[in-house]
file query_38.pdb (PDB, C-alpha atoms, pLDDT in the B column)
ATOM      1  CA  MET A   1     179.626 -26.042 143.714  1.00 47.00           C
ATOM      2  CA  ILE A   2     181.045 -27.641 140.606  1.00 50.00           C
ATOM      3  CA  GLU A   3     182.403 -25.085 138.122  1.00 62.00           C
ATOM      4  CA  ALA A   4     180.838 -27.015 135.216  1.00 65.00           C
ATOM      5  CA  ASP A   5     177.390 -26.345 136.715  1.00 88.00           C
ATOM      6  CA  ILE A   6     177.758 -22.627 135.981  1.00 93.00           C
ATOM      7  CA  GLU A   7     177.639 -20.831 132.640  1.00 96.00           C
ATOM      8  CA  ILE A   8     178.302 -17.092 132.425  1.00 97.00           C
ATOM      9  CA  ARG A   9     177.380 -15.392 129.159  1.00 97.00           C
ATOM     10  CA  ARG A  10     176.028 -12.276 127.530  1.00 97.00           C
ATOM     11  CA  LEU A  11     172.397 -12.380 126.519  1.00 97.00           C
ATOM     12  CA  ASP A  12     171.503 -11.834 122.904  1.00 93.00           C
ATOM     13  CA  PRO A  13     168.726  -9.269 122.209  1.00 89.00           C
ATOM     14  CA  ASN A  14     166.432 -12.110 121.146  1.00 91.00           C
ATOM     15  CA  GLU A  15     166.679 -13.695 124.635  1.00 96.00           C
ATOM     16  CA  VAL A  16     164.085 -11.367 126.110  1.00 95.00           C
ATOM     17  CA  ASP A  17     162.335 -14.195 127.988  1.00 96.00           C
ATOM     18  CA  ILE A  18     165.497 -15.043 129.936  1.00 97.00           C
ATOM     19  CA  PHE A  19     166.173 -11.371 130.645  1.00 96.00           C
ATOM     20  CA  ARG A  20     162.591 -10.781 131.791  1.00 96.00           C
ATOM     21  CA  THR A  21     162.689 -13.850 134.064  1.00 96.00           C
ATOM     22  CA  ILE A  22     165.887 -12.916 135.910  1.00 97.00           C
ATOM     23  CA  ARG A  23     165.185  -9.157 136.037  1.00 96.00           C
ATOM     24  CA  LEU A  24     161.693  -9.601 137.501  1.00 96.00           C
ATOM     25  CA  ALA A  25     163.017 -12.219 139.935  1.00 96.00           C
ATOM     26  CA  ALA A  26     165.628  -9.701 141.110  1.00 95.00           C
ATOM     27  CA  LEU A  27     163.118  -6.882 141.533  1.00 95.00           C
ATOM     28  CA  GLU A  28     160.679  -9.127 143.410  1.00 94.00           C
ATOM     29  CA  ALA A  29     163.300 -10.770 145.651  1.00 94.00           C
ATOM     30  CA  GLU A  30     165.196  -7.573 146.552  1.00 90.00           C
ATOM     31  CA  PRO A  31     162.859  -4.612 146.033  1.00 87.00           C
ATOM     32  CA  SER A  32     164.855  -2.332 148.334  1.00 83.00           C
ATOM     33  CA  SER A  33     168.064  -2.921 146.345  1.00 85.00           C
ATOM     34  CA  PHE A  34     166.817  -1.315 143.155  1.00 86.00           C
ATOM     35  CA  ALA A  35     165.539   2.117 142.174  1.00 84.00           C
ATOM     36  CA  SER A  36     163.031   0.414 139.833  1.00 87.00           C
ATOM     37  CA  SER A  37     160.084  -1.717 140.829  1.00 88.00           C
ATOM     38  CA  SER A  38     158.781  -4.991 139.482  1.00 91.00           C
ATOM     39  CA  GLU A  39     155.540  -3.233 138.553  1.00 92.00           C
ATOM     40  CA  ASP A  40     157.471  -0.705 136.439  1.00 90.00           C
ATOM     41  CA  TRP A  41     159.225  -3.442 134.482  1.00 93.00           C
ATOM     42  CA  GLN A  42     156.186  -5.699 134.112  1.00 93.00           C
ATOM     43  CA  ALA A  43     154.564  -2.927 132.083  1.00 91.00           C
ATOM     44  CA  PHE A  44     157.401  -2.885 129.509  1.00 93.00           C
ATOM     45  CA  SER A  45     156.618  -3.961 125.951  1.00 92.00           C
ATOM     46  CA  GLU A  46     158.519  -6.786 124.289  1.00 90.00           C
ATOM     47  CA  GLU A  47     160.216  -4.175 122.122  1.00 92.00           C
ATOM     48  CA  LEU A  48     161.439  -2.217 125.150  1.00 93.00           C
ATOM     49  CA  TRP A  49     162.887  -5.349 126.779  1.00 94.00           C
ATOM     50  CA  ALA A  50     164.780  -6.087 123.533  1.00 93.00           C
ATOM     51  CA  GLN A  51     165.910  -2.453 123.233  1.00 93.00           C
ATOM     52  CA  ILE A  52     167.388  -2.562 126.745  1.00 93.00           C
ATOM     53  CA  LEU A  53     169.327  -5.732 125.860  1.00 93.00           C
ATOM     54  CA  THR A  54     170.605  -4.047 122.694  1.00 92.00           C
ATOM     55  CA  GLU A  55     171.673  -0.794 124.365  1.00 92.00           C
ATOM     56  CA  SER A  56     172.966  -2.193 127.674  1.00 94.00           C
ATOM     57  CA  PRO A  57     174.742  -5.534 127.505  1.00 95.00           C
ATOM     58  CA  VAL A  58     173.532  -7.992 130.154  1.00 97.00           C
ATOM     59  CA  ILE A  59     175.638 -10.865 131.468  1.00 98.00           C
ATOM     60  CA  VAL A  60     173.714 -13.742 133.076  1.00 98.00           C
ATOM     61  CA  ALA A  61     174.856 -16.626 135.245  1.00 98.00           C
ATOM     62  CA  PHE A  62     173.103 -19.923 134.606  1.00 97.00           C
ATOM     63  CA  ARG A  63     173.237 -22.856 137.004  1.00 95.00           C
ATOM     64  CA  HIS A  64     172.003 -26.104 135.470  1.00 93.00           C
ATOM     65  CA  GLY A  65     170.510 -23.976 132.675  1.00 93.00           C
ATOM     66  CA  LYS A  66     168.484 -21.739 135.035  1.00 96.00           C
ATOM     67  CA  PRO A  67     169.297 -18.019 135.298  1.00 97.00           C
ATOM     68  CA  VAL A  68     170.502 -17.296 138.846  1.00 97.00           C
ATOM     69  CA  GLY A  69     172.305 -13.962 138.535  1.00 97.00           C
ATOM     70  CA  MET A  70     172.886 -11.001 136.284  1.00 97.00           C
ATOM     71  CA  MET A  71     174.838  -7.778 135.810  1.00 98.00           C
ATOM     72  CA  GLY A  72     174.466  -5.148 133.135  1.00 97.00           C
ATOM     73  CA  LEU A  73     176.684  -2.482 131.632  1.00 97.00           C
ATOM     74  CA  MET A  74     175.342   0.951 130.733  1.00 96.00           C
ATOM     75  CA  LYS A  75     177.841   2.844 128.623  1.00 92.00           C
ATOM     76  CA  GLN A  76     177.932   6.625 128.524  1.00 86.00           C
ATOM     77  CA  LYS A  77     176.843   8.204 125.266  1.00 83.00           C
ATOM     78  CA  PRO A  78     179.587   9.161 122.778  1.00 81.00           C
ATOM     79  CA  GLY A  79     181.484  12.273 123.754  1.00 87.00           C
ATOM     80  CA  LYS A  80     183.809  13.328 126.518  1.00 91.00           C
ATOM     81  CA  THR A  81     182.387  10.722 128.943  1.00 90.00           C
ATOM     82  CA  SER A  82     182.456   7.739 126.601  1.00 91.00           C
ATOM     83  CA  HIS A  83     185.363   6.224 128.565  1.00 93.00           C
ATOM     84  CA  ARG A  84     182.983   5.599 131.499  1.00 95.00           C
ATOM     85  CA  ALA A  85     180.250   3.029 132.079  1.00 97.00           C
ATOM     86  CA  PHE A  86     177.878   2.147 134.887  1.00 97.00           C
ATOM     87  CA  LEU A  87     177.329  -1.276 136.445  1.00 98.00           C
ATOM     88  CA  ILE A  88     173.569  -1.893 136.576  1.00 96.00           C
ATOM     89  CA  MET A  89     170.970  -4.543 137.460  1.00 96.00           C
ATOM     90  CA  VAL A  90     173.296  -6.439 139.821  1.00 96.00           C
ATOM     91  CA  TYR A  91     171.675  -9.561 141.290  1.00 96.00           C
ATOM     92  CA  VAL A  92     172.474 -13.093 142.416  1.00 96.00           C
ATOM     93  CA  ASP A  93     169.641 -15.151 143.859  1.00 96.00           C
ATOM     94  CA  GLU A  94     169.857 -15.939 147.551  1.00 93.00           C
ATOM     95  CA  GLU A  95     170.635 -19.630 147.060  1.00 94.00           C
ATOM     96  CA  ASN A  96     173.723 -18.824 144.980  1.00 94.00           C
ATOM     97  CA  ARG A  97     175.225 -16.012 147.059  1.00 93.00           C
ATOM     98  CA  GLY A  98     178.655 -16.721 148.466  1.00 91.00           C
ATOM     99  CA  THR A  99     179.461 -19.184 145.681  1.00 92.00           C
ATOM    100  CA  GLY A 100     181.686 -16.936 143.574  1.00 94.00           C
ATOM    101  CA  ILE A 101     179.020 -16.283 140.947  1.00 96.00           C
ATOM    102  CA  ALA A 102     178.971 -12.535 141.679  1.00 96.00           C
ATOM    103  CA  THR A 103     182.728 -12.336 141.179  1.00 96.00           C
ATOM    104  CA  ARG A 104     182.502 -14.258 137.913  1.00 97.00           C
ATOM    105  CA  LEU A 105     179.701 -12.003 136.670  1.00 98.00           C
ATOM    106  CA  LEU A 106     181.648  -8.898 137.641  1.00 98.00           C
ATOM    107  CA  LYS A 107     184.802 -10.132 135.890  1.00 97.00           C
ATOM    108  CA  ALA A 108     182.761 -10.816 132.730  1.00 97.00           C
ATOM    109  CA  VAL A 109     181.250  -7.320 132.812  1.00 97.00           C
ATOM    110  CA  GLU A 110     184.649  -5.761 133.475  1.00 97.00           C
ATOM    111  CA  LYS A 111     186.147  -7.634 130.503  1.00 96.00           C
ATOM    112  CA  LEU A 112     183.284  -6.471 128.304  1.00 96.00           C
ATOM    113  CA  ALA A 113     183.876  -2.916 129.538  1.00 96.00           C
ATOM    114  CA  VAL A 114     187.621  -3.024 128.830  1.00 95.00           C
ATOM    115  CA  ASP A 115     187.034  -4.607 125.413  1.00 94.00           C
ATOM    116  CA  SER A 116     184.651  -1.701 124.677  1.00 92.00           C
ATOM    117  CA  GLY A 117     187.253   0.928 125.571  1.00 93.00           C
ATOM    118  CA  ILE A 118     185.866   1.693 129.025  1.00 95.00           C
ATOM    119  CA  ILE A 119     188.527   2.815 131.491  1.00 95.00           C
ATOM    120  CA  GLN A 120     186.301   3.629 134.463  1.00 97.00           C
ATOM    121  CA  LEU A 121     183.429   1.508 135.767  1.00 98.00           C
ATOM    122  CA  GLU A 122     181.045   3.150 138.215  1.00 98.00           C
ATOM    123  CA  LEU A 123     178.116   2.005 140.342  1.00 98.00           C
ATOM    124  CA  ASP A 124     175.785   3.083 143.076  1.00 96.00           C
ATOM    125  CA  VAL A 125     174.687   0.971 146.015  1.00 95.00           C
ATOM    126  CA  SER A 126     172.340   1.537 148.927  1.00 93.00           C
ATOM    127  CA  VAL A 127     174.169   2.455 152.123  1.00 94.00           C
ATOM    128  CA  GLU A 128     172.000  -0.207 153.766  1.00 91.00           C
ATOM    129  CA  ASN A 129     173.373  -2.992 151.537  1.00 92.00           C
ATOM    130  CA  VAL A 130     176.488  -3.698 153.593  1.00 94.00           C
ATOM    131  CA  PRO A 131     177.285  -7.099 151.984  1.00 93.00           C
ATOM    132  CA  ALA A 132     177.292  -5.503 148.517  1.00 94.00           C
ATOM    133  CA  ILE A 133     179.503  -2.635 149.677  1.00 97.00           C
ATOM    134  CA  ARG A 134     181.980  -5.145 151.139  1.00 97.00           C
ATOM    135  CA  PHE A 135     181.921  -7.134 147.889  1.00 97.00           C
ATOM    136  CA  TYR A 136     182.655  -4.072 145.740  1.00 98.00           C
ATOM    137  CA  ARG A 137     185.465  -2.932 148.032  1.00 98.00           C
ATOM    138  CA  ARG A 138     186.985  -6.418 147.929  1.00 97.00           C
ATOM    139  CA  GLU A 139     186.847  -6.236 144.122  1.00 97.00           C
ATOM    140  CA  GLY A 140     188.758  -2.947 144.043  1.00 97.00           C
ATOM    141  CA  TYR A 141     185.969  -0.365 143.951  1.00 98.00           C
ATOM    142  CA  ALA A 142     186.377   2.788 146.034  1.00 98.00           C
ATOM    143  CA  GLN A 143     183.734   5.160 147.312  1.00 98.00           C
ATOM    144  CA  ILE A 144     183.784   8.402 145.330  1.00 97.00           C
ATOM    145  CA  GLY A 145     180.649  10.057 146.676  1.00 97.00           C
ATOM    146  CA  ARG A 146     177.273   9.789 148.305  1.00 97.00           C
ATOM    147  CA  ILE A 147     173.823  10.783 147.071  1.00 96.00           C
ATOM    148  CA  PRO A 148     171.578  11.752 149.978  1.00 96.00           C
ATOM    149  CA  ALA A 149     168.063  10.382 149.448  1.00 94.00           C
ATOM    150  CA  GLY A 150     169.193   8.668 146.236  1.00 91.00           C
ATOM    151  CA  PHE A 151     165.842   6.928 146.106  1.00 88.00           C
ATOM    152  CA  LEU A 152     162.689   6.520 148.152  1.00 88.00           C
ATOM    153  CA  GLU A 153     161.739   3.077 149.447  1.00 83.00           C
ATOM    154  CA  GLU A 154     158.182   3.051 150.789  1.00 82.00           C
ATOM    155  CA  GLY A 155     158.480   6.707 151.760  1.00 87.00           C
ATOM    156  CA  LYS A 156     161.898   6.254 153.398  1.00 90.00           C
ATOM    157  CA  GLU A 157     164.863   8.183 152.001  1.00 93.00           C
ATOM    158  CA  VAL A 158     167.768   5.874 151.156  1.00 90.00           C
ATOM    159  CA  ASP A 159     171.255   7.248 150.552  1.00 94.00           C
ATOM    160  CA  LEU A 160     173.362   5.780 147.767  1.00 95.00           C
ATOM    161  CA  LEU A 161     177.118   5.356 147.762  1.00 97.00           C
ATOM    162  CA  LEU A 162     178.866   6.064 144.479  1.00 98.00           C
ATOM    163  CA  MET A 163     181.787   3.748 143.809  1.00 98.00           C
ATOM    164  CA  ALA A 164     184.227   3.452 140.922  1.00 98.00           C
ATOM    165  CA  ARG A 165     187.154   1.401 139.702  1.00 98.00           C
ATOM    166  CA  ARG A 166     189.649   2.127 136.968  1.00 97.00           C
ATOM    167  CA  MET A 167     189.847  -0.683 134.469  1.00 94.00           C
ATOM    168  CA  GLU A 168     193.121  -2.175 133.350  1.00 78.00           C
ATOM    169  CA  SER A 169     193.925  -2.522 129.673  1.00 56.00           C
ATOM    170  CA  PRO A 170     193.316  -5.942 128.124  1.00 44.00           C
TER     171      PRO A 170
END
call {"tool": "encode", "arguments": {"input": "query_38.pdb", "output": "structure tokens"}}
result
Amino acid sequence: MIEADIEIRRLDPNEVDIFRTIRLAALEAEPSSFASSSEDWQAFSEELWAQILTESPVIVAFRHGKPVGMMGLMKQKPGKTSHRAFLIMVYVDEENRGTGIATRLLKAVEKLAVDSGIIQLELDVSVENVPAIRFYRREGYAQIGRIPAGFLEEGKEVDLLLMARRMESP
């Protein structure tokens, strides 16, 4: 893959169409990887899509102008936990996995986190998603806990691993 083919950038709140396209693609392609469903998100109003982009920054990877991956950052509310944030909506389409796009997205989210004063980035991942767990470990994330039956997938209880990484100062 040629590096010039890929653009990684934060979506602006007025780019709801791009956000909707990649988020619904993620939920439809990998329904067992997310606690939300495509049906849930399809029912969202335009205003709610824009509100999510305003409250939780979303970084998208574009290949030849087409969105192919995304990661979001959900910051804790002001207070004693405001130094923490959660990595959300992680997705790279199947065709672009193994190309380095996930690492580039993660580095962009981590930079955004550090620039926002975040010193600890956390995430959860299905225990069944072994490739994702390996990726996070390779990127310096350590398991800090486990949520039994973190979500239900078609009536099946799925445990979630909690992982975290301390961020370095800019």
call {"tool": "closest_residue", "arguments": {"input": "query_38.pdb", "among": "A:Thr54, A:Ala102, A:Val158, A:Leu24", "to": "Asp40 (chain A)", "atoms": "only C-alpha atoms"}}
result
A:Leu24
call {"tool": "residues_around", "arguments": {"input": "query_38.pdb", "residues": "region 120-135 of chain A", "least_positions_apart": "6", "cutoff": "9 Å", "atoms": "only C-alpha atoms", "output": "count of residues only"}}
result
30
call {"tool": "closest_residue", "arguments": {"input": "query_38.pdb", "among": "A:Asn14, A:Val68, A:Lys75, A:Ala25", "to": "Leu48 (chain A)", "atoms": "all atoms listed in the file"}}
result
A:Asn14
call {"tool": "closest_residue", "arguments": {"input": "query_38.pdb", "among": "A:Arg138, A:Arg9, A:Lys66, A:Lys156", "to": "Asn96 (chain A)", "atoms": "all atoms listed in the file"}}
result
A:Lys66
call {"tool": "closest_residue", "arguments": {"input": "query_38.pdb", "among": "A:Tyr91, A:Phe62, A:Tyr136, A:Phe44", "to": "Glu7 (chain A)", "atoms": "all atoms listed in the file"}}
result
A:Phe62
call {"tool": "closest_residue", "arguments": {"input": "query_38.pdb", "among": "A:Gln42, A:Ile144, A:Ile101, A:Ala50", "to": "Met70 (chain A)", "atoms": "only C-alpha atoms"}}
result
A:Ile101
call {"tool": "build_atoms", "arguments": {"input": "query_38.pdb", "residues": "region 38-49 of chain A", "atoms": "all heavy atoms", "output": "mmCIF file, in the frame of the given file"}}
result
data_model
loop_
_atom_site.group_PDB
_atom_site.id
_atom_site.type_symbol
_atom_site.label_atom_id
_atom_site.label_comp_id
_atom_site.auth_asym_id
_atom_site.auth_seq_id
_atom_site.Cartn_x
_atom_site.Cartn_y
_atom_site.Cartn_z
ATOM 1 N N SER A 38 159.268 -3.908 140.331
ATOM 2 C CA SER A 38 158.781 -4.991 139.482
ATOM 3 C C SER A 38 157.593 -4.516 138.649
ATOM 4 O O SER A 38 157.485 -4.842 137.468
ATOM 5 C CB SER A 38 158.394 -6.189 140.352
ATOM 6 O OG SER A 38 157.843 -7.210 139.569
ATOM 7 N N GLU A 39 156.720 -3.742 139.259
ATOM 8 C CA GLU A 39 155.540 -3.233 138.553
ATOM 9 C C GLU A 39 155.941 -2.372 137.355
ATOM 10 O O GLU A 39 155.326 -2.461 136.298
ATOM 11 C CB GLU A 39 154.646 -2.424 139.501
ATOM 12 C CG GLU A 39 154.012 -3.233 140.607
ATOM 13 C CD GLU A 39 154.954 -3.567 141.767
ATOM 14 O OE1 GLU A 39 155.987 -2.866 141.953
ATOM 15 O OE2 GLU A 39 154.678 -4.549 142.479
ATOM 16 N N ASP A 40 156.988 -1.536 137.553
ATOM 17 C CA ASP A 40 157.471 -0.705 136.439
ATOM 18 C C ASP A 40 157.869 -1.590 135.261
ATOM 19 O O ASP A 40 157.483 -1.342 134.121
ATOM 20 C CB ASP A 40 158.698 0.119 136.857
ATOM 21 C CG ASP A 40 158.403 1.158 137.924
ATOM 22 O OD1 ASP A 40 157.237 1.573 138.064
ATOM 23 O OD2 ASP A 40 159.363 1.551 138.620
ATOM 24 N N TRP A 41 158.672 -2.602 135.551
ATOM 25 C CA TRP A 41 159.225 -3.442 134.482
ATOM 26 C C TRP A 41 158.195 -4.389 133.888
ATOM 27 O O TRP A 41 158.281 -4.726 132.711
ATOM 28 C CB TRP A 41 160.447 -4.204 135.007
ATOM 29 C CG TRP A 41 161.661 -3.330 135.088
ATOM 30 C CD1 TRP A 41 161.865 -2.280 135.942
ATOM 31 C CD2 TRP A 41 162.821 -3.404 134.278
ATOM 32 N NE1 TRP A 41 163.089 -1.703 135.711
ATOM 33 C CE2 TRP A 41 163.700 -2.384 134.693
ATOM 34 C CE3 TRP A 41 163.219 -4.240 133.252
ATOM 35 C CZ2 TRP A 41 164.940 -2.167 134.110
ATOM 36 C CZ3 TRP A 41 164.469 -4.033 132.664
ATOM 37 C CH2 TRP A 41 165.312 -3.004 133.101
ATOM 38 N N GLN A 42 157.219 -4.819 134.649
ATOM 39 C CA GLN A 42 156.186 -5.699 134.112
ATOM 40 C C GLN A 42 155.378 -5.014 133.016
ATOM 41 O O GLN A 42 154.838 -5.684 132.130
ATOM 42 C CB GLN A 42 155.259 -6.183 135.226
ATOM 43 C CG GLN A 42 155.902 -7.214 136.118
ATOM 44 C CD GLN A 42 155.032 -7.596 137.304
ATOM 45 O OE1 GLN A 42 153.897 -7.161 137.429
ATOM 46 N NE2 GLN A 42 155.585 -8.409 138.192
ATOM 47 N N ALA A 43 155.329 -3.684 133.071
ATOM 48 C CA ALA A 43 154.564 -2.927 132.083
ATOM 49 C C ALA A 43 155.325 -2.721 130.767
ATOM 50 O O ALA A 43 154.747 -2.243 129.789
ATOM 51 C CB ALA A 43 154.178 -1.566 132.667
ATOM 52 N N PHE A 44 156.604 -3.094 130.716
ATOM 53 C CA PHE A 44 157.401 -2.885 129.509
ATOM 54 C C PHE A 44 156.904 -3.763 128.364
ATOM 55 O O PHE A 44 156.558 -4.927 128.560
ATOM 56 C CB PHE A 44 158.876 -3.213 129.753
ATOM 57 C CG PHE A 44 159.618 -2.220 130.613
ATOM 58 C CD1 PHE A 44 160.948 -2.431 130.903
ATOM 59 C CD2 PHE A 44 159.015 -1.089 131.131
ATOM 60 C CE1 PHE A 44 161.655 -1.541 131.690
ATOM 61 C CE2 PHE A 44 159.704 -0.188 131.917
ATOM 62 C CZ PHE A 44 161.035 -0.416 132.190
ATOM 63 N N SER A 45 156.954 -3.198 127.158
ATOM 64 C CA SER A 45 156.618 -3.961 125.951
ATOM 65 C C SER A 45 157.772 -4.895 125.609
ATOM 66 O O SER A 45 158.902 -4.709 126.066
ATOM 67 C CB SER A 45 156.380 -3.002 124.778
ATOM 68 O OG SER A 45 157.604 -2.368 124.431
ATOM 69 N N GLU A 46 157.489 -5.863 124.786
ATOM 70 C CA GLU A 46 158.519 -6.786 124.289
ATOM 71 C C GLU A 46 159.635 -6.016 123.597
ATOM 72 O O GLU A 46 160.817 -6.326 123.753
ATOM 73 C CB GLU A 46 157.876 -7.790 123.320
ATOM 74 C CG GLU A 46 158.745 -8.938 122.937
ATOM 75 C CD GLU A 46 158.728 -10.072 123.951
ATOM 76 O OE1 GLU A 46 157.964 -10.026 124.919
ATOM 77 O OE2 GLU A 46 159.508 -11.013 123.757
ATOM 78 N N GLU A 47 159.245 -4.995 122.846
ATOM 79 C CA GLU A 47 160.216 -4.175 122.122
ATOM 80 C C GLU A 47 161.149 -3.439 123.087
ATOM 81 O O GLU A 47 162.344 -3.329 122.829
ATOM 82 C CB GLU A 47 159.508 -3.169 121.201
ATOM 83 C CG GLU A 47 158.772 -3.795 120.045
ATOM 84 C CD GLU A 47 157.424 -4.433 120.449
ATOM 85 O OE1 GLU A 47 156.827 -4.035 121.472
ATOM 86 O OE2 GLU A 47 156.996 -5.353 119.734
ATOM 87 N N LEU A 48 160.605 -2.939 124.187
ATOM 88 C CA LEU A 48 161.439 -2.217 125.150
ATOM 89 C C LEU A 48 162.421 -3.157 125.844
ATOM 90 O O LEU A 48 163.588 -2.805 126.044
ATOM 91 C CB LEU A 48 160.577 -1.482 126.177
ATOM 92 C CG LEU A 48 161.333 -0.604 127.178
ATOM 93 C CD1 LEU A 48 162.266 0.379 126.476
ATOM 94 C CD2 LEU A 48 160.343 0.140 128.059
ATOM 95 N N TRP A 49 161.968 -4.358 126.189
ATOM 96 C CA TRP A 49 162.887 -5.349 126.779
ATOM 97 C C TRP A 49 164.056 -5.613 125.811
ATOM 98 O O TRP A 49 165.213 -5.641 126.223
ATOM 99 C CB TRP A 49 162.157 -6.658 127.084
ATOM 100 C CG TRP A 49 161.293 -6.613 128.309
ATOM 101 C CD1 TRP A 49 159.955 -6.367 128.372
ATOM 102 C CD2 TRP A 49 161.714 -6.838 129.660
ATOM 103 N NE1 TRP A 49 159.526 -6.423 129.666
ATOM 104 C CE2 TRP A 49 160.581 -6.716 130.482
ATOM 105 C CE3 TRP A 49 162.936 -7.131 130.261
ATOM 106 C CZ2 TRP A 49 160.628 -6.877 131.869
ATOM 107 C CZ3 TRP A 49 162.977 -7.297 131.643
ATOM 108 C CH2 TRP A 49 161.842 -7.172 132.433
#
